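Dropping run-v5.cif in here (mmCIF, C-alpha atoms):
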```
data_final
loop_
_atom_site.label_atom_id
_atom_site.label_comp_id
_atom_site.auth_asym_id
_atom_site.auth_seq_id
_atom_site.Cartn_x
_atom_site.Cartn_y
_atom_site.Cartn_z
CA MET A 547 22.88 4.84 21.74
CA THR A 548 26.29 5.57 23.30
CA ALA A 549 27.79 3.97 26.39
CA PRO A 550 27.09 7.08 28.55
CA ALA A 551 23.50 7.17 27.24
CA PHE A 552 23.15 3.47 28.04
CA LEU A 553 24.32 4.12 31.60
CA GLY A 554 21.92 7.05 31.91
CA GLN A 555 18.98 4.93 30.80
CA LEU A 556 20.04 2.14 33.10
CA GLU A 557 20.34 4.35 36.15
CA ALA A 558 16.98 5.94 35.49
CA GLU A 559 15.50 2.55 36.33
CA ARG A 560 17.81 1.24 39.07
CA GLN A 561 20.51 2.33 41.50
CA LEU A 562 24.02 1.10 40.65
CA LEU A 563 27.21 0.85 42.65
CA SER A 564 30.46 1.95 41.03
CA LEU A 565 31.45 -1.64 40.21
CA ASP A 566 27.99 -2.27 38.71
CA ARG A 567 28.53 0.67 36.39
CA ALA A 568 31.91 -0.70 35.35
CA LEU A 569 30.42 -4.10 34.53
CA ALA A 570 27.63 -2.42 32.59
CA VAL A 571 30.18 -0.50 30.53
CA LEU A 572 32.15 -3.68 29.84
CA TRP A 573 28.95 -5.39 28.75
CA TRP A 574 28.13 -2.49 26.44
CA ILE A 575 31.47 -2.29 24.66
CA GLY A 576 31.61 -6.07 24.22
CA ARG A 577 28.17 -6.50 22.70
CA GLU A 578 29.45 -7.24 19.20
CA ASP A 579 32.77 -8.80 20.19
CA PRO A 580 32.97 -10.22 23.74
CA ALA A 581 36.77 -10.30 23.47
CA VAL A 582 36.92 -6.51 23.40
CA GLY A 583 38.07 -5.03 26.69
CA MET A 584 38.52 -1.65 28.34
CA THR A 585 40.94 -0.30 30.89
CA ALA A 586 39.80 0.93 34.29
CA LYS A 587 40.83 4.43 33.29
CA ASP A 588 38.70 4.36 30.16
CA ILE A 589 35.75 2.92 32.07
CA CYS A 590 36.02 5.80 34.54
CA ALA A 591 35.99 8.26 31.65
CA VAL A 592 32.73 6.78 30.33
CA VAL A 593 31.14 6.93 33.78
CA GLU A 594 32.21 10.55 34.19
CA THR A 595 30.80 11.42 30.77
CA ALA A 596 27.49 9.96 31.94
CA GLY A 597 27.39 12.67 34.61
CA HIS A 598 29.10 11.08 37.62
CA PRO A 599 31.86 12.84 39.58
CA LYS A 600 35.56 12.10 39.14
CA GLN A 601 36.18 8.35 39.42
CA ASN A 602 39.07 6.58 41.14
CA ALA A 603 40.68 4.43 38.41
CA THR A 604 43.14 2.79 40.83
CA ARG A 605 40.38 1.61 43.13
CA LEU A 606 38.33 0.36 40.18
CA GLU A 607 41.36 -1.55 38.89
CA THR A 608 41.59 -3.36 42.23
CA GLN A 609 37.87 -4.11 42.24
CA LEU A 610 37.97 -5.56 38.71
CA GLU A 611 40.99 -7.69 39.58
CA GLU A 612 39.27 -9.13 42.65
CA ASP A 613 35.88 -9.68 40.99
CA ARG A 614 35.38 -13.17 39.58
CA ARG A 615 33.03 -11.85 36.89
CA THR A 616 35.87 -10.21 34.96
CA SER A 617 39.04 -11.36 33.25
CA LYS A 618 42.06 -9.76 31.61
CA ALA A 619 41.68 -8.73 27.97
CA GLY A 620 45.30 -7.72 27.36
CA LYS A 621 47.19 -4.42 27.61
CA GLY A 622 45.67 -3.57 30.98
CA ALA A 623 42.10 -4.00 29.74
CA TRP A 624 39.24 -5.95 31.30
CA ARG A 625 36.34 -7.89 29.87
CA LEU A 626 33.43 -9.91 31.19
CA ARG A 627 33.62 -13.66 31.65
CA PRO A 628 31.24 -15.56 29.31
CA GLN A 629 28.87 -16.62 32.08
CA THR A 630 28.56 -13.06 33.34
CA ARG A 631 27.92 -11.76 29.83
CA ARG A 632 25.16 -14.30 29.30
CA GLU A 633 23.52 -13.26 32.55
CA LEU A 634 23.74 -9.56 31.70
CA ASP A 635 22.44 -10.18 28.17
CA THR A 636 19.10 -10.92 29.81
CA VAL A 637 19.26 -8.00 32.22
CA TYR A 638 20.18 -5.50 29.50
CA ALA A 639 18.06 -6.96 26.70
CA PHE A 640 16.39 -3.58 26.17
CA ALA A 641 19.68 -2.17 24.86
CA HIS A 642 19.60 -4.61 21.92
CA GLU A 643 16.34 -3.16 20.69
CA PRO A 644 16.69 -0.61 17.87
CA ALA A 645 15.80 2.93 18.78
CA ARG A 646 12.20 3.73 17.89
CA PRO A 647 12.02 6.73 15.58
CA GLY A 648 10.24 9.62 17.21
CA PRO A 649 7.15 11.36 15.83
CA SER A 650 7.89 13.31 12.66
CA ASP A 651 6.39 14.88 9.56
CA SER A 652 8.91 13.20 7.24
CA VAL A 653 6.33 12.16 4.64
CA LEU A 654 3.05 13.73 5.73
CA PRO A 655 2.33 16.56 8.19
CA ARG A 656 0.62 15.09 11.23
CA GLN A 657 -1.33 18.29 11.80
CA LEU A 658 -3.25 17.66 8.58
CA PHE A 659 -4.79 14.53 10.11
CA THR A 660 -5.35 15.72 13.68
CA ASN A 661 -8.89 15.10 14.92
CA THR A 662 -9.87 13.06 11.85
CA ARG A 663 -10.02 9.39 12.84
CA GLY A 664 -7.75 7.66 15.32
CA TYR A 665 -6.99 4.85 12.88
CA ILE A 666 -6.09 7.36 10.16
CA GLU A 667 -3.75 9.24 12.50
CA ARG A 668 -2.03 5.97 13.42
CA VAL A 669 -1.49 5.06 9.77
CA VAL A 670 0.10 8.46 9.14
CA GLU A 671 2.31 7.96 12.18
CA GLN A 672 3.46 4.60 10.77
CA ILE A 673 4.13 6.12 7.35
CA ASN A 674 6.41 8.75 8.86
CA MET A 675 8.10 6.43 11.35
CA SER A 676 8.82 3.70 8.81
CA TYR A 677 10.34 6.35 6.53
CA GLY A 678 12.48 7.58 9.42
CA ALA A 679 13.58 4.01 10.13
CA ARG A 680 14.57 3.59 6.45
CA CYS A 681 11.88 0.93 5.98
CA TRP A 682 10.91 2.18 2.54
CA ASP A 683 8.73 -0.79 1.54
CA CYS A 684 6.76 -0.45 4.77
CA SER A 685 6.26 3.27 4.19
CA ALA A 686 5.12 2.70 0.59
CA VAL A 687 2.59 0.05 1.59
CA MET A 688 1.19 2.24 4.37
CA CYS A 689 0.84 5.16 1.93
CA ARG A 690 -1.29 2.91 -0.22
CA ARG A 691 -3.35 1.89 2.80
CA LEU A 692 -3.95 5.51 3.76
CA LEU A 693 -5.30 6.43 0.33
CA GLU A 694 -7.44 3.31 0.22
CA THR A 695 -8.90 4.19 3.62
CA LEU A 696 -9.59 7.79 2.62
CA ILE A 697 -11.44 6.81 -0.55
CA ILE A 698 -13.69 4.57 1.54
CA GLU A 699 -14.21 7.42 4.01
CA VAL A 700 -15.38 9.64 1.13
CA TYR A 701 -18.10 7.25 0.04
CA GLU A 702 -19.20 6.42 3.56
CA TYR A 703 -19.52 10.15 4.28
CA ARG A 704 -21.67 10.54 1.16
CA GLN A 705 -23.70 7.49 2.20
CA GLN A 706 -22.76 5.84 -1.09
CA ALA A 707 -20.67 2.93 0.17
CA THR A 708 -22.65 0.50 -1.99
CA GLN A 709 -21.06 2.13 -5.05
CA ILE A 710 -17.62 0.84 -4.08
CA LYS A 711 -18.68 -2.72 -3.37
CA GLY A 712 -18.44 -5.65 -5.72
CA PRO A 713 -21.14 -8.20 -6.57
CA ASP A 714 -20.09 -10.19 -3.51
CA GLY A 715 -20.91 -7.26 -1.24
CA HIS A 716 -17.29 -6.66 -0.27
CA LEU A 717 -15.42 -3.40 -0.78
CA LEU A 718 -13.45 -3.13 -3.99
CA MET A 719 -9.70 -3.59 -3.97
CA PHE A 720 -7.52 -0.49 -4.28
CA ASN A 721 -7.46 -0.58 -8.06
CA GLY A 722 -11.25 -0.73 -8.18
CA LEU A 723 -11.55 2.10 -5.68
CA ILE A 724 -9.22 4.28 -7.72
CA ASN A 725 -10.99 3.57 -10.99
CA HIS A 726 -14.35 4.35 -9.45
CA ILE A 727 -13.44 7.65 -7.80
CA ARG A 728 -11.52 8.87 -10.84
CA ALA A 729 -14.55 8.21 -13.04
CA ASP A 730 -17.07 9.62 -10.56
CA MET A 731 -18.21 12.89 -12.11
CA SER A 732 -20.11 13.84 -8.95
CA ILE A 733 -16.81 14.08 -7.10
CA ASN A 734 -14.60 15.55 -9.83
CA LEU A 735 -11.28 14.63 -8.24
CA GLY A 736 -8.47 17.06 -9.01
CA ARG A 737 -5.89 16.14 -11.66
CA ASN A 738 -2.94 16.06 -9.27
CA ALA A 739 -4.81 13.97 -6.72
CA SER A 740 -5.94 11.60 -9.44
CA GLN A 741 -2.38 11.13 -10.67
CA ALA A 742 -1.14 10.60 -7.12
CA LEU A 743 -3.58 7.72 -6.66
CA LYS A 744 -2.16 6.03 -9.77
CA ASP A 745 1.44 6.65 -8.65
CA HIS A 746 0.87 5.19 -5.19
CA LYS A 747 -0.97 2.20 -6.51
CA ALA A 748 2.01 1.40 -8.74
CA LEU A 749 4.56 1.88 -5.94
CA GLY A 750 2.44 0.14 -3.30
CA ASP A 751 1.87 -2.85 -5.57
CA GLN A 752 5.60 -3.20 -6.19
CA ALA A 753 6.48 -2.86 -2.52
CA ALA A 754 3.80 -5.30 -1.38
CA HIS A 755 3.83 -7.94 -4.11
CA ASN A 756 7.04 -7.90 -6.16
CA ARG A 757 9.50 -10.18 -4.39
CA ARG A 758 12.43 -8.82 -6.40
CA PHE A 759 11.63 -5.17 -5.70
CA ASN A 760 12.71 -3.16 -2.69
CA ALA A 761 11.63 0.48 -2.47
CA GLN A 762 14.27 3.14 -1.92
CA GLN A 763 14.06 6.57 -0.35
CA ASN A 764 13.85 8.33 -3.70
CA ASP A 765 10.80 6.20 -4.58
CA ILE A 766 8.95 7.70 -1.63
CA ASP A 767 10.36 11.18 -2.18
CA ARG A 768 9.27 11.15 -5.82
CA VAL A 769 5.58 10.72 -4.95
CA ARG A 770 5.48 12.40 -1.55
CA ASP A 771 4.08 15.73 -2.73
CA GLY A 772 1.34 14.00 -4.68
CA LEU A 773 0.43 11.97 -1.62
CA ARG A 774 -0.03 15.15 0.40
CA VAL A 775 -2.28 16.65 -2.30
CA ALA A 776 -4.40 13.53 -2.69
CA ALA A 777 -4.73 12.95 1.05
CA GLU A 778 -5.83 16.50 1.77
CA GLU A 779 -8.35 16.52 -1.05
CA LEU A 780 -9.81 13.21 0.10
CA LEU A 781 -10.00 14.46 3.68
CA HIS A 782 -12.10 17.41 2.52
CA LEU A 783 -14.32 15.17 0.39
CA ALA A 784 -14.82 12.87 3.38
CA GLY A 785 -15.87 15.77 5.61
CA LEU A 786 -12.86 15.26 7.83
CA ARG A 787 -11.50 18.76 7.28
CA ARG A 788 -13.39 22.01 6.87
CA SER A 789 -12.68 24.05 3.77
CA THR A 790 -11.75 27.00 5.99
CA ASP A 791 -8.99 25.00 7.73
CA SER A 792 -5.53 26.34 7.05
CA SER A 793 -3.36 23.98 5.08
CA ALA A 794 -0.70 22.18 7.15
CA ALA A 795 2.76 22.71 5.80
#
```
Just give me the structure of the file as structure tokens.
Amino acid sequence: MTAPAFLGQLEAERQLLSLDRALAVLWWIGREDPAVGMTAKDICAVVETAGHPKQNATRLETQLEEDRRTSKAGKGAWRLRPQTRRELDTVYAFAHEPARPGPSDSVLPRQLFTNTRGYIERVVEQINMSYGARCWDCSAVMCRRLLETLIIEVYEYRQQATQIKGPDGHLLMFNGLINHIRADMSINLGRNASQALKDHKALGDQAAHNRRFNAQQNDIDRVRDGLRVAAEELLHLAGLRRSTDSSAA
């Protein structure tokens, strides 16, 4: 987020006077280093970039000099006093929050999962958003969760859920689910989908359980195509997509 964008977001929620805008700009540019200042002229330039008409730098200079919330920062620049910054830290807390990645098809096409199950769609959304936020471990673990969920959906659709439960009556862990569906001759899982399950188990295990391992983008990229193949095949097997549906690119 830039200073003009910050002002735009701020003014979408509240009405600001010209001096309020100036203080907001000073807060913004001093977030990392409170000693950093800005001249009245430069503040006016930021405000104008945010869409406001031509600003009067001379008048702003006088206002900043008379306002007890500001102090000189050297070379004609102004900065916020510590107490004022602490107060505005609370008011502008939203600006400290990292930008939330928007919806994307970075790993899996969302269209492929539309109108399947709400919880499946949300997992796909998290896979793509964590990839976009460079949270590779998170994306890898969620890929594993998606495949695990889809295998269960297959057997529930076939009314054979008891086949993927252990002696204790609980569903098998991911490794057990993979071994069962790969050996299930009544399903005859495709070779590429079968390999993708193995690949994502290996990567998901590392990302979730190996404390010395951190996934990288190329780890996800390397198995992304296989994930798409396996997910689509499992969706068909689970009755969540018709065979006549066009494949989402």
Nearest residue to Phe720 in chain A from the set A:Leu572, A:Ala739, A:Val700, A:Leu692 (distances using only C-alpha atoms):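 Residue with the minimum atom-to-atom distance to Phe720 in chain A: A:Leu692.
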Taking all atoms listed in the file into account, which of A:Glu594, A:Asp714, A:Glu611, A:Asp651 comes nearest Arg770 in chain A?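 Selected residue with least distance to Arg770 in chain A: A:Asp651.
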Residue neighbourhood Ala558 in chain A, 12 Å, all atoms listed in the file, exclusion window fewer than 6 positions, as a ChimeraX atom specification: /A:551-552,596
Can you translate the PyMOL selection byres ((chain A and resi 673) around 12) into the concrete residues it hits in this file, as a ChimeraX atom specification? /A:647,649-656,666-672,674-693,766,770,773
Answer key for the PyMOL selection byres ((chain A and resi 749) around 9), residues as number ranges by chain: A: 683, 686-687, 690, 744-748, 750-754, 761, 765-766, 769
CA of Pro599 in chain A to CA of Glu559 in chain A, distance in Å rounded to a single decimal: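 Taking CA of Pro599 in chain A as the start and CA of Glu559 in chain A as the end point, the length is 19.6 Å.
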Picked residues, the PyMOL selection byres ((chain A and resi 605) around 12), expected as number ranges by chain: A: 564-565, 568, 586-587, 590, 601-604, 606-612
